[in-house]
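This is start02.txt (compact mmCIF, C-alpha atoms).
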# COMPACT_ATOMS: atom_id res chain seq x y z
CA MET P 1 118.71 116.15 104.15
CA PHE P 2 117.59 115.26 107.68
CA THR P 3 116.57 117.73 110.33
CA GLN P 4 114.53 117.88 113.50
CA LYS P 5 113.08 121.35 113.90
CA PRO P 6 113.56 122.77 117.39
CA SER P 7 110.70 124.11 119.48
CA PRO P 8 110.11 127.82 118.77
CA ILE P 9 111.23 130.44 121.27
CA ALA P 10 109.05 133.08 119.65
CA VAL P 11 105.84 133.15 117.66
CA VAL P 12 105.88 134.73 114.23
CA SER P 13 102.71 136.27 112.89
CA PRO P 14 101.53 135.62 110.25
CA GLY P 15 102.79 132.05 110.48
CA VAL P 16 105.41 130.58 108.19
CA PRO P 17 104.37 127.48 106.21
CA ALA P 18 105.94 124.30 107.53
CA LEU P 19 106.49 122.85 104.07
CA LEU P 20 108.26 124.13 100.96
CA GLN P 21 105.90 126.13 98.77
CA LYS P 22 105.61 127.03 95.11
CA ASN P 23 108.18 129.70 94.10
CA TYR P 24 110.44 128.89 97.05
CA ILE P 25 114.11 128.49 96.20
CA VAL P 26 116.29 125.64 97.37
CA LYS P 27 120.02 125.15 97.15
CA PHE P 28 121.75 121.80 97.40
CA SER P 29 124.84 122.21 99.53
CA ASN P 30 128.29 121.89 98.03
CA ASN P 31 128.74 118.35 99.36
CA TRP P 32 126.00 116.70 97.27
CA PRO P 33 127.63 114.31 94.77
CA SER P 34 127.77 115.54 91.22
CA THR P 35 126.57 112.13 90.03
CA LEU P 36 123.02 112.40 91.35
CA PRO P 37 120.30 112.84 88.73
CA VAL P 38 118.67 115.91 90.23
CA THR P 39 121.60 117.95 89.20
CA ARG P 40 122.97 115.86 86.38
CA GLN P 41 119.79 116.12 84.35
CA ILE P 42 119.27 119.78 84.98
CA ALA P 43 122.87 120.85 84.97
CA ASP P 44 126.09 119.03 84.43
CA VAL P 45 127.48 120.06 87.76
CA THR P 46 125.68 119.11 90.95
CA GLN P 47 127.01 120.94 93.91
CA GLY P 48 125.80 124.27 95.10
CA LYS P 49 123.06 124.63 92.48
CA TYR P 50 119.91 126.66 93.00
CA PHE P 51 116.44 125.49 92.04
CA LYS P 52 113.04 127.13 91.99
CA ILE P 53 110.03 125.10 93.06
CA ILE P 54 107.41 125.42 90.35
CA GLN P 55 104.82 123.03 91.75
CA THR P 56 104.08 121.13 94.96
CA ASN P 57 101.71 118.40 95.99
CA GLN P 58 101.27 117.08 99.53
CA VAL P 59 100.67 113.34 99.87
CA PRO P 60 99.86 111.91 103.32
CA TYR P 61 100.83 108.33 104.11
CA ASP P 62 100.49 106.36 107.36
CA LEU P 63 102.52 103.24 108.05
CA ASP P 64 102.42 100.89 111.02
CA TYR P 65 104.69 98.19 112.32
CA ILE P 66 103.94 95.67 115.09
CA ILE P 67 107.28 94.81 116.71
CA PRO P 68 108.07 92.53 119.67
CA ALA P 69 109.87 93.91 122.71
CA ASN P 70 113.66 94.11 122.52
CA ASP P 71 113.62 93.78 118.74
CA PHE P 72 113.78 96.18 115.82
CA ARG P 73 112.58 96.68 112.29
CA ASP P 74 114.42 98.66 109.64
CA VAL P 75 112.41 100.88 107.30
CA ASP P 76 114.24 101.78 104.09
CA PHE P 77 112.93 105.00 102.54
CA SER P 78 114.50 104.27 99.14
CA ASN P 79 113.01 102.64 96.05
CA THR P 80 115.44 99.73 96.06
CA LEU P 81 113.31 96.59 96.34
CA THR P 82 113.85 94.80 99.68
CA ASN P 83 111.58 93.47 102.42
CA PHE P 84 111.83 96.83 104.11
CA ASN P 85 111.72 99.59 101.46
CA ILE P 86 108.81 102.02 101.25
CA ASN P 87 109.56 103.83 97.95
CA LEU P 88 109.75 107.39 99.21
CA TYR P 89 112.40 108.55 96.73
CA PRO P 90 111.45 110.37 93.52
CA ASN P 91 111.72 108.57 90.22
CA SER P 92 112.51 111.65 88.16
CA GLY P 93 115.56 113.83 88.30
CA ASN P 94 113.74 117.14 88.67
CA THR P 95 111.73 116.21 91.75
CA LEU P 96 112.55 116.76 95.40
CA TYR P 97 110.60 114.99 98.13
CA GLU P 98 110.32 116.88 101.39
CA ILE P 99 109.13 114.24 103.85
CA GLN P 100 107.56 115.32 107.11
CA LEU P 101 107.65 112.46 109.62
CA GLY P 102 105.80 112.08 112.93
CA PHE P 103 104.75 109.31 115.27
CA LYS P 104 101.66 108.38 117.22
CA GLN P 105 102.16 107.78 120.93
CA SER P 106 103.87 104.47 121.54
CA ASN P 107 106.84 102.87 123.24
CA PHE P 108 109.77 102.85 120.82
CA LEU P 109 113.05 104.45 119.81
CA ALA P 110 113.88 105.53 116.26
CA HIS P 111 117.41 105.69 114.87
CA PHE P 112 118.34 106.96 111.42
CA MET P 113 121.13 105.71 109.18
CA ILE P 114 122.41 106.77 105.80
CA PRO P 115 123.70 104.75 104.10
CA ALA P 116 122.85 101.49 105.91
CA GLY P 117 124.96 101.01 109.02
CA GLU P 118 126.06 104.66 109.26
CA PHE P 119 124.10 106.36 112.02
CA LEU P 120 123.31 110.04 111.61
CA SER P 121 123.44 110.65 115.35
CA ARG P 122 126.89 109.48 116.27
CA LEU P 123 129.29 111.53 118.32
CA GLU P 124 132.99 112.04 117.77
CA GLN P 125 134.41 109.61 120.31
CA ALA P 126 134.82 106.25 118.56
CA SER P 127 132.45 104.26 120.79
CA MET P 128 129.64 106.81 120.73
CA ILE P 129 127.58 105.13 118.05
CA PRO P 130 123.90 104.24 118.58
CA ASN P 131 123.46 100.53 119.22
CA THR P 132 120.14 98.94 120.09
CA VAL P 133 121.88 95.92 121.66
CA ASP P 134 123.67 98.10 124.20
CA ALA P 135 121.61 99.13 127.26
CA ARG P 136 123.08 102.66 127.21
CA LEU P 137 123.88 103.35 123.58
CA ARG P 138 120.38 102.45 122.44
CA TYR P 139 119.35 105.85 123.80
CA LEU P 140 122.12 107.77 122.04
CA GLY P 141 120.54 109.79 119.26
CA ALA P 142 117.24 107.98 119.66
CA ARG P 143 114.10 109.86 118.67
CA LYS P 144 110.89 109.15 120.56
CA TRP P 145 107.32 109.93 119.59
CA GLN P 146 107.43 113.08 121.72
CA ASP P 147 110.22 114.45 119.51
CA SER P 148 107.91 114.53 116.51
CA PRO P 149 104.26 113.95 117.42
CA TYR P 150 101.85 112.82 114.71
CA ASP P 151 99.87 116.07 114.89
CA ASN P 152 102.90 118.36 115.08
CA LYS P 153 105.58 116.72 112.98
CA SER P 154 109.07 118.12 113.35
CA ILE P 155 111.31 115.62 111.56
CA TYR P 156 112.06 116.56 107.94
CA ILE P 157 113.81 114.37 105.40
CA TYR P 158 114.76 115.44 101.89
CA THR P 159 115.15 112.81 99.19
CA ILE P 160 116.11 112.90 95.53
CA MET P 161 116.37 110.20 92.89
CA ASN P 162 119.12 107.61 93.44
CA MET P 163 120.26 109.09 96.74
CA ASP P 164 121.84 106.65 99.20
CA ALA P 165 119.22 104.69 101.13
CA LEU P 166 118.00 106.32 104.32
CA ILE P 167 117.13 103.69 106.93
CA MET P 168 114.93 104.27 109.98
CA ARG P 169 115.47 101.65 112.69
CA LEU P 170 112.40 101.27 114.92
CA PHE P 171 113.34 99.60 118.19
CA VAL P 172 110.84 98.51 120.84
CA ASP P 173 112.66 98.64 124.13
CA SER P 174 112.93 95.78 126.61
CA GLY P 175 110.91 95.72 129.81
CA PHE P 176 107.75 95.55 127.78
CA GLY P 177 106.07 92.23 128.25
CA VAL P 178 104.24 89.75 130.42
CA ALA P 179 105.73 86.80 132.26
CA ALA P 180 103.46 84.09 130.88
CA LEU P 181 104.10 85.03 127.27
CA ALA P 182 107.67 86.23 127.75
CA THR P 183 107.14 89.14 125.45
CA ASP P 184 104.64 91.71 124.38
CA PHE P 185 104.47 93.85 121.28
CA GLU P 186 104.15 97.49 120.38
CA LYS P 187 102.54 99.06 117.34
CA VAL P 188 104.61 101.91 115.95
CA ILE P 189 102.49 104.18 113.76
CA THR P 190 104.30 106.68 111.58
CA GLY P 191 102.54 109.62 109.95
CA ILE P 192 104.20 110.83 106.78
CA ILE P 193 103.49 113.77 104.50
CA VAL P 194 105.40 113.70 101.25
CA ASN P 195 105.65 117.22 99.85
CA LYS P 196 106.41 116.59 96.16
CA CYS P 197 108.36 119.54 94.77
CA LYS P 198 108.95 120.02 91.06
CA LEU P 199 112.24 121.82 90.45
CA VAL P 200 113.62 124.09 87.75
CA GLU P 201 117.23 125.17 87.92
CA ILE P 202 118.13 128.81 88.36
CA VAL P 203 121.29 128.95 86.33
CA THR P 204 122.36 132.37 87.52
CA PRO P 205 120.74 133.20 90.85
CA ASN P 206 120.64 136.85 91.82
CA GLU P 207 121.67 138.12 95.22
CA TYR P 208 118.15 137.99 96.63
CA GLN P 209 117.63 134.42 95.46
CA GLU P 210 120.91 133.36 97.02
CA LYS P 211 119.89 135.02 100.27
CA VAL P 212 116.42 133.48 100.59
CA ALA P 213 117.26 130.00 99.30
CA LYS P 214 116.77 127.14 101.73
CA GLU P 215 119.95 125.12 101.79
CA ILE P 216 119.51 121.36 101.82
CA PRO P 217 122.54 119.76 103.43
CA TYR P 218 123.96 116.42 102.36
CA TYR P 219 124.39 113.79 105.05
CA THR P 220 128.11 114.37 105.16
CA ASP P 221 127.35 117.96 106.14
CA ILE P 222 125.50 116.90 109.29
CA ARG P 223 127.69 113.91 110.18
CA TRP P 224 131.23 115.18 110.29
CA MET N 1 82.87 106.48 118.77
CA PRO N 2 81.64 103.08 117.51
CA SER N 3 79.88 100.55 119.69
CA LEU N 4 78.62 97.01 119.28
CA VAL N 5 76.31 94.67 121.18
CA ILE N 6 76.88 90.92 121.02
CA ASN N 7 75.68 87.82 122.82
CA PHE N 8 77.63 84.69 123.58
CA ALA N 9 75.86 82.17 121.39
CA ALA N 10 79.16 81.68 119.55
CA ALA N 11 82.50 80.67 121.04
CA THR N 12 84.48 83.61 119.71
CA ASN N 13 83.18 87.07 118.96
CA VAL N 14 85.08 89.72 117.06
CA LEU N 15 84.40 93.12 118.55
CA ALA N 16 86.59 95.28 116.27
CA GLN N 17 88.81 94.55 113.30
CA GLU N 18 92.46 95.57 113.16
CA ARG N 19 93.19 98.90 111.43
CA GLY N 20 96.50 99.65 109.81
CA ASN N 21 97.06 103.18 111.04
CA CYS N 22 95.81 103.07 114.60
CA LYS N 23 95.34 101.10 117.76
CA ILE N 24 91.94 100.29 119.22
CA LYS N 25 91.13 101.88 122.56
CA PRO N 26 88.12 100.45 124.43
CA SER N 27 86.32 103.10 126.42
CA THR N 28 83.51 101.16 128.07
CA ILE N 29 82.54 97.51 128.23
CA PHE N 30 79.11 96.75 129.64
CA ILE N 31 78.27 93.15 130.48
CA ASP N 32 74.68 92.13 131.15
CA ASN N 33 74.76 88.73 132.83
CA SER N 34 71.46 89.32 134.63
CA GLY N 35 69.55 86.71 132.67
CA CYS N 36 72.12 83.97 133.26
CA VAL N 37 72.48 81.39 136.01
CA ASP N 38 76.21 80.91 135.41
CA ASP N 39 79.15 83.25 135.96
CA ALA N 40 80.53 84.86 132.80
CA GLN N 41 84.25 84.21 132.55
CA LEU N 42 85.37 86.53 129.80
CA THR N 43 88.72 86.81 128.05
CA PHE N 44 89.45 89.72 125.73
CA ASN N 45 92.11 88.85 123.16
CA ASP N 46 94.31 90.99 120.93
CA ILE N 47 94.93 89.14 117.63
CA PHE N 48 97.49 90.25 115.03
CA THR N 49 100.39 89.13 112.89
CA PRO N 50 103.53 91.09 113.77
CA ASP N 51 105.81 92.53 111.11
CA ILE N 52 109.07 90.99 109.97
CA THR N 53 111.76 92.12 112.38
CA ASN N 54 115.43 91.50 112.94
CA GLY N 55 114.70 88.75 115.47
CA VAL N 56 111.60 87.23 113.85
CA PRO N 57 111.95 86.82 110.09
CA LEU N 58 108.79 84.71 109.78
CA PRO N 59 106.15 86.11 112.14
CA VAL N 60 102.97 84.14 112.85
CA LEU N 61 99.44 84.99 113.94
CA THR N 62 99.65 85.96 117.59
CA THR N 63 96.98 86.13 120.29
CA ILE N 64 97.55 88.06 123.47
CA PRO N 65 94.95 88.10 126.26
CA ARG N 66 94.54 91.70 127.42
CA LEU N 67 91.79 91.28 130.02
CA ASN N 68 90.26 88.43 132.03
CA VAL N 69 87.16 89.18 134.06
CA THR N 70 84.41 87.19 135.78
CA ILE N 71 80.91 88.63 136.05
CA PRO N 72 78.74 86.78 138.60
CA ALA N 73 75.43 85.22 137.57
CA GLY N 74 72.52 87.64 137.66
CA VAL N 75 74.73 90.76 137.61
CA CYS N 76 75.22 93.69 135.21
CA GLN N 77 78.62 95.32 135.32
CA SER N 78 80.36 98.16 133.52
CA LEU N 79 84.14 98.18 133.03
CA GLU N 80 85.65 101.61 132.62
CA ASP N 81 88.47 102.19 135.11
CA SER N 82 90.18 98.94 134.24
CA LEU N 83 90.23 99.97 130.57
CA LYS N 84 91.98 103.27 131.16
CA ASP N 85 95.43 102.14 129.99
CA MET N 86 94.34 99.32 127.72
CA GLU N 87 95.11 99.27 123.99
CA PHE N 88 94.66 96.64 121.33
CA LEU N 89 97.16 96.49 118.47
CA GLY N 90 95.11 94.19 116.27
CA THR N 91 91.66 92.62 116.16
CA VAL N 92 89.68 92.61 119.41
CA SER N 93 87.82 89.42 120.24
CA VAL N 94 86.13 88.05 123.34
CA THR N 95 85.38 84.53 124.52
CA ARG N 96 83.08 83.34 127.33
CA GLY N 97 83.90 80.27 129.41
CA ALA N 98 80.50 78.74 128.59
CA LEU N 99 78.27 79.75 125.70
CA ASN N 100 75.14 81.60 126.72
CA ALA N 101 73.00 83.65 124.33
CA ALA N 102 71.35 85.43 127.26
CA CYS N 103 74.63 87.08 128.23
CA LEU N 104 75.04 90.39 126.42
CA LEU N 105 78.12 92.54 125.99
CA THR N 106 78.30 96.13 124.76
CA PHE N 107 81.69 97.23 123.48
CA MET N 108 82.43 100.94 123.02
CA TYR N 109 85.75 101.95 121.53
CA ASP N 110 87.77 104.50 119.68
CA PHE N 111 90.83 104.57 117.44
CA LEU N 112 94.16 105.93 118.69

Could you express the structure from this file as structure tokens?
Amino acid sequence: MFTQKPSPIAVVSPGVPALLQKNYIVKFSNNWPSTLPVTRQIADVTQGKYFKIIQTNQVPYDLDYIIPANDFRDVDFSNTLTNFNINLYPNSGNTLYEIQLGFKQSNFLAHFMIPAGEFLSRLEQASMIPNTVDARLRYLGARKWQDSPYDNKSIYIYTIMNMDALIMRLFVDSGFGVAALATDFEKVITGIIVNKCKLVEIVTPNEYQEKVAKEIPYYTDIRW
Amino acid sequence: MPSLVINFAAATNVLAQERGNCKIKPSTIFIDNSGCVDDAQLTFNDIFTPDITNGVPLPVLTTIPRLNVTIPAGVCQSLEDSLKDMEFLGTVSVTRGALNAACLLTFMYDFL
């Protein structure tokens, strides 16, 4: 449900579309909860189900945040009303949002959590958890604008209705200011493309469909 | 690339309004103080209201001076090199130490 695509080591021609397309097949991994609407509405069992995309629509969306140095702002992708939510979860059970996320050049670090407080990029040793207060751990798992430039986005997020809230923490590092004012600010500009995908369940996928399906992992798959 | 010419009959002059999805990057500032008998002491300000953050739950309108420059009386001067790394997060405005309608400023900029 969250991935940063690596740089290619080879060029494929003709090119492969960066976003999910009509007639593509997706599979939700076995760890998705059976209580989520995407599967409950379409089938009574959630995990490991296959879906065909029958329609897509790409919706661009830019957001900006002006943040003082050594401070952070959380951005909640869910539809739960707070001061920080941006409503990028579907409202219907048969829709998948594939969100492509990039950043314009600026001085910041981005951390991702799902649910709130649980960082995606933690390591196995108990203290290796991203922490913006800590001078070293603020860089653990931190994405910078170079990791996903605005014009070549490489961060992908997949959201469905009622999924746990995904939080992006945007931190403007210290050492960014002027003496007379004590602090300066940075403007973090995020470029988003929401690829709306309408899904229909494939009740009995054939061997080819199983082979070509794009598996969408749950966050517990990528944070073990 | 937009540009704008203003004079300094007014105390504060807005050169470019804040835009939500970009910063403002000045490329050239040309100051014509040739018709003036006083030095032009100019301050370029960046004006914006920050977002709510963890440390500042109630942000207020903020003004940050990004450039101070003095152009001698009777002189025309172009600023380019000193703008190379300059960005404005919000609205760009300029003030002159003393009002003078004969002093002209041309502001050329782009959006980042």

Seminar exercise, completed: Computed gap from atom CA of P:Phe112 to atom CA of P:Asn30 is 22.4 Å

Problem set entry | Nearest candidate to N:Ile47 (options N:Ser93, N:Ser27, N:Asn100, N:Ser34; using all atoms listed in the file) | N:Ser93

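The interatomic distance for the pair atom CA of P:Tyr158 and atom CA of P:Lys104 works out to 21.4 Å.
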
For this session: Can you work out which one of N:Val94, N:Ala16, N:Met108, N:Leu58 has the shortest atom-to-atom distance to chain P, counting only C-alpha atoms?
Result: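 Comparing N:Val94, N:Ala16, N:Met108, N:Leu58 against chain P, the winner is N:Leu58.
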
Exercise. Quick one: of N:Thr43, N:Ser82, N:Ser3, N:Thr62, who's nearest to chain P, counting only C-alpha atoms?
Worked result: N:Thr62

For this session: Enumerate as a PyMOL selection string the residues belonging to chain P that approach chain N to within 7 Å, with all atoms listed in the file taken into account.
Result: chain P and resi 62-67+71-73+187+189

Exercise. Between P:Asn70, P:Ser34, P:Gln125, P:Asn87, which is the closest to P:Ile167 once you count all atoms listed in the file?
Worked result: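 Of all the options, P:Asn87 lies closest to P:Ile167.
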
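Proximity of P:Lys22, P:Pro17, P:Met168, P:Tyr150 to P:Glu118, computed with all atoms listed in the file, is greatest for P:Met168.
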
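Taking atom CA of N:Ala102 and atom CA of N:Ile6 as endpoints, the distance between them is 10.0 Å.
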
Exercise. Which is closer to N:Asp81 than all the others in N:Val5, N:Ile29, N:Leu104, N:Leu15, using all atoms listed in the file?
Worked result: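 Of N:Val5, N:Ile29, N:Leu104, N:Leu15, the one nearest N:Asp81 is N:Ile29, counting all atoms listed in the file.
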
For this session: Counting only C-alpha atoms, select every polymer residue within 8 Å of (85.6, 104.2, 117.0) as defined in the file's coordinates, and provide the selection as number ranges by chain.
Result: N: 1-3, 24, 108-111

Can I get stretch 53-85 of chain N with N, CA and C atoms filled in, as an mmCIF file, in the coordinates of the input?
data_model
loop_
_atom_site.group_PDB
_atom_site.id
_atom_site.type_symbol
_atom_site.label_atom_id
_atom_site.label_comp_id
_atom_site.auth_asym_id
_atom_site.auth_seq_id
_atom_site.Cartn_x
_atom_site.Cartn_y
_atom_site.Cartn_z
ATOM 1 N N THR N 53 110.785 91.327 111.633
ATOM 2 C CA THR N 53 111.760 92.120 112.380
ATOM 3 C C THR N 53 113.114 91.434 112.305
ATOM 4 N N ASN N 54 114.083 92.065 112.923
ATOM 5 C CA ASN N 54 115.430 91.500 112.940
ATOM 6 C C ASN N 54 115.423 90.122 113.611
ATOM 7 N N GLY N 55 114.688 90.001 114.713
ATOM 8 C CA GLY N 55 114.700 88.750 115.470
ATOM 9 C C GLY N 55 113.691 87.723 114.995
ATOM 10 N N VAL N 56 112.662 88.152 114.285
ATOM 11 C CA VAL N 56 111.600 87.230 113.850
ATOM 12 C C VAL N 56 111.366 87.405 112.354
ATOM 13 N N PRO N 57 112.099 86.651 111.543
ATOM 14 C CA PRO N 57 111.950 86.820 110.090
ATOM 15 C C PRO N 57 110.661 86.243 109.529
ATOM 16 N N LEU N 58 110.039 85.316 110.256
ATOM 17 C CA LEU N 58 108.790 84.710 109.780
ATOM 18 C C LEU N 58 107.736 84.804 110.881
ATOM 19 N N PRO N 59 107.130 85.955 111.058
ATOM 20 C CA PRO N 59 106.150 86.110 112.140
ATOM 21 C C PRO N 59 104.875 85.321 111.868
ATOM 22 N N VAL N 60 104.213 84.929 112.955
ATOM 23 C CA VAL N 60 102.970 84.140 112.850
ATOM 24 C C VAL N 60 101.838 84.860 113.564
ATOM 25 N N LEU N 61 100.621 84.410 113.278
ATOM 26 C CA LEU N 61 99.440 84.990 113.940
ATOM 27 C C LEU N 61 99.601 84.839 115.452
ATOM 28 N N THR N 62 99.381 85.925 116.148
ATOM 29 C CA THR N 62 99.650 85.960 117.590
ATOM 30 C C THR N 62 98.397 86.414 118.336
ATOM 31 N N THR N 63 98.120 85.747 119.447
ATOM 32 C CA THR N 63 96.980 86.130 120.290
ATOM 33 C C THR N 63 97.490 86.466 121.674
ATOM 34 N N ILE N 64 97.147 87.640 122.125
ATOM 35 C CA ILE N 64 97.550 88.060 123.470
ATOM 36 C C ILE N 64 96.307 88.417 124.270
ATOM 37 N N PRO N 65 96.083 87.713 125.413
ATOM 38 C CA PRO N 65 94.950 88.100 126.260
ATOM 39 C C PRO N 65 95.240 89.428 126.951
ATOM 40 N N ARG N 66 94.331 90.383 126.801
ATOM 41 C CA ARG N 66 94.540 91.700 127.420
ATOM 42 C C ARG N 66 93.724 91.881 128.692
ATOM 43 N N LEU N 67 92.640 91.104 128.830
ATOM 44 C CA LEU N 67 91.790 91.280 130.020
ATOM 45 C C LEU N 67 91.038 89.986 130.298
ATOM 46 N N ASN N 68 91.092 89.536 131.559
ATOM 47 C CA ASN N 68 90.260 88.430 132.030
ATOM 48 C C ASN N 68 89.357 88.973 133.131
ATOM 49 N N VAL N 69 88.080 88.668 133.040
ATOM 50 C CA VAL N 69 87.160 89.180 134.060
ATOM 51 C C VAL N 69 86.021 88.171 134.247
ATOM 52 N N THR N 70 85.549 88.073 135.483
ATOM 53 C CA THR N 70 84.410 87.190 135.780
ATOM 54 C C THR N 70 83.258 88.033 136.295
ATOM 55 N N ILE N 71 82.120 87.908 135.637
ATOM 56 C CA ILE N 71 80.910 88.630 136.050
ATOM 57 C C ILE N 71 79.965 87.598 136.677
ATOM 58 N N PRO N 72 79.593 87.784 137.935
ATOM 59 C CA PRO N 72 78.740 86.780 138.600
ATOM 60 C C PRO N 72 77.373 86.629 137.920
ATOM 61 N N ALA N 73 76.771 85.486 138.108
ATOM 62 C CA ALA N 73 75.430 85.220 137.570
ATOM 63 C C ALA N 73 74.449 86.260 138.114
ATOM 64 N N GLY N 74 73.566 86.719 137.245
ATOM 65 C CA GLY N 74 72.520 87.640 137.660
ATOM 66 C C GLY N 74 72.969 89.088 137.833
ATOM 67 N N VAL N 75 74.162 89.413 137.362
ATOM 68 C CA VAL N 75 74.730 90.760 137.610
ATOM 69 C C VAL N 75 74.969 91.491 136.283
ATOM 70 N N CYS N 76 74.782 92.813 136.303
ATOM 71 C CA CYS N 76 75.220 93.690 135.210
ATOM 72 C C CYS N 76 76.428 94.476 135.709
ATOM 73 N N GLN N 77 77.417 94.605 134.876
ATOM 74 C CA GLN N 77 78.620 95.320 135.320
ATOM 75 C C GLN N 77 79.223 96.114 134.174
ATOM 76 N N SER N 78 79.701 97.311 134.518
ATOM 77 C CA SER N 78 80.360 98.160 133.520
ATOM 78 C C SER N 78 81.847 98.250 133.844
ATOM 79 N N LEU N 79 82.687 98.058 132.843
ATOM 80 C CA LEU N 79 84.140 98.180 133.030
ATOM 81 C C LEU N 79 84.589 99.486 132.387
ATOM 82 N N GLU N 80 85.115 100.367 133.174
ATOM 83 C CA GLU N 80 85.650 101.610 132.620
ATOM 84 C C GLU N 80 87.047 101.876 133.171
ATOM 85 N N ASP N 81 87.165 101.886 134.500
ATOM 86 C CA ASP N 81 88.470 102.190 135.110
ATOM 87 C C ASP N 81 89.541 101.211 134.671
ATOM 88 N N SER N 82 89.172 99.950 134.584
ATOM 89 C CA SER N 82 90.180 98.940 134.240
ATOM 90 C C SER N 82 90.587 99.022 132.774
ATOM 91 N N LEU N 83 89.887 99.839 131.989
ATOM 92 C CA LEU N 83 90.230 99.970 130.570
ATOM 93 C C LEU N 83 91.105 101.186 130.300
ATOM 94 N N LYS N 84 91.359 101.970 131.329
ATOM 95 C CA LYS N 84 91.980 103.270 131.160
ATOM 96 C C LYS N 84 93.286 103.206 130.350
ATOM 97 N N ASP N 85 94.119 102.220 130.656
ATOM 98 C CA ASP N 85 95.430 102.140 129.990
ATOM 99 C C ASP N 85 95.490 100.992 128.988
#
